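S.K.: Input: one structure, supplied below.
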Amino acid sequence: MYKVLVLPFKQMPSAEDFLTQEEKRYCQTLKIEKRRQDYLAGRYALKKLLSDNFVKADYKSIEILKHEDGRPLLFINGVKSNLNVSISHSNAYACACAGRGCLVGVDIERVEERSEAWRNFSFAKEEITETSPEFLTALWAKKEAVLKLLGLGLSVDMHSIRFDNDRMYLEGKLKEKQNSLGAAVISTDLSYTNGFAVAVAYSKVV
Ligand SMILES: CC(C)(COP(=O)(O)OP(=O)(O)OC[C@H]1O[C@@H](n2cnc3c(N)ncnc32)[C@H](O)[C@@H]1OP(=O)(O)O)[C@@H](O)C(=O)NCCC(=O)NCCS
């Protein structure tokens, strides 16, 4: 079971209201203002999602640190949580996802026209069954959500994950990671909100 929350940055309260000391310390190391806003909004969205749906804890009892590979690491009252979580941000919107008993990955992307070079970098020819910005943005978001579920970033070849309608194929390092995590079946859900595509990848761990 997973839940997802999309929030515009303008709904975020003051950082003083929800950041822990350690999160504040990390935020101060971020040199770029946009990066700081992304960091804050992602944390706020995830804390709100968790305290509204999963845990009886106030925002400052929920701490979202970072694994060395960039993944969020969740602690509730100082104890590492067994909830799986994922964060994404795009153009002043943040998105958070949490799952109990399943791995999750989330990606939010603004629907917009992109270049031919981006298409070639991202997709195999056979995947481009439509050329609308909605379709291609969603296809990208689904790939990124799966990569986040696997704990991998954009360092992988985007052609080693391929969608054929709703079937997904993973190759090489991605397939190995899927096996090592016990994520035998990875599914994706897609929605559109306020001009954004939101993709969630989820998988029951077996
Ligand atoms: C993961 C990645 C694909 C996301 O790219 P993006 O489109 O720029 O950003 P999004 O807003 O959709 O997602 C960012 C969030 O992804 C999460 N994330 C980062 N690396 C991740 C990973 N390896 N696995 C799962 N989630 C990851 C983080 O929560 C991050 O938000 P935060 O920094 O505020 O905590 C990209 O950051 C990447 O390739 N990272 C791997 C290499 C790297 O730079 N690591 C950072 C070390 S600190």
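Each chain in the structure tokens gets a letter, A, B, ..., in the order shown, and its residues are numbered from 1; ligands are numbered from 1 in order too.
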What does the list of residues within 6 Å of ligand 1 look like if you count only C-alpha atoms and all ligand atoms, written as a list in words?
M.R.: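 Written in the requested form, the residues are Asp38, Tyr39, Gly42, Glu68, Asp69, Gly70, Arg71, Pro72, Ser86, Ile87, Ser88, His89, Ser90, Asp107, Lys148, Gly151, Leu152, Gly153, Leu154 and Ser155 of chain A.
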S.K.: Can you list, as a list in words, every protein, DNA or RNA residue that comes within 12 Å of Glu23 of chain A when you count only C-alpha atoms, leaving out same-chain residues fewer than 6 positions away?
M.R.: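 Using only C-alpha atoms, the neighbours found are Ala15, Glu16, Thr29, Leu30, Arg36, Tyr39, Leu40, Gly42, Arg43, Tyr44, Tyr59, Lys60, Ser61, Ile62, Glu63, Ile64, Leu65, Lys66, Pro72, Leu73, Leu74 and Phe75 of chain A.
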S.K.: Which polymer residues have any atom within 9 Å of an atom of segment 165-177 of chain A, counting only C-alpha atoms, with same-chain residues fewer than 4 positions away left out, as a list in words?
M.R.: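 Using only C-alpha atoms, the neighbours found are Glu127, Thr129, Leu147, Leu150, Gly151, Leu152, Val156, His159, Ser160, Ile161, Leu181, Gly182, Ala183, Ile186, Ser187 and Thr188 of chain A.
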S.K.: For the alpha helix (DSSP H) assignment from backbone DSSP, which residues of chain A qualify? Please present them as a ChimeraX atom specification.
M.R.: /A:21-29,33-53,116-122,133-149,172-181
S.K.: Of the residues A:Ala138, A:Leu83, A:Val206, A:Ala197, which is the one nearest to Ser180 of chain A, using only C-alpha atoms?
M.R.: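 Going through A:Ala138, A:Leu83, A:Val206, A:Ala197 one by one, the smallest distance to Ser180 of chain A is for A:Val206.
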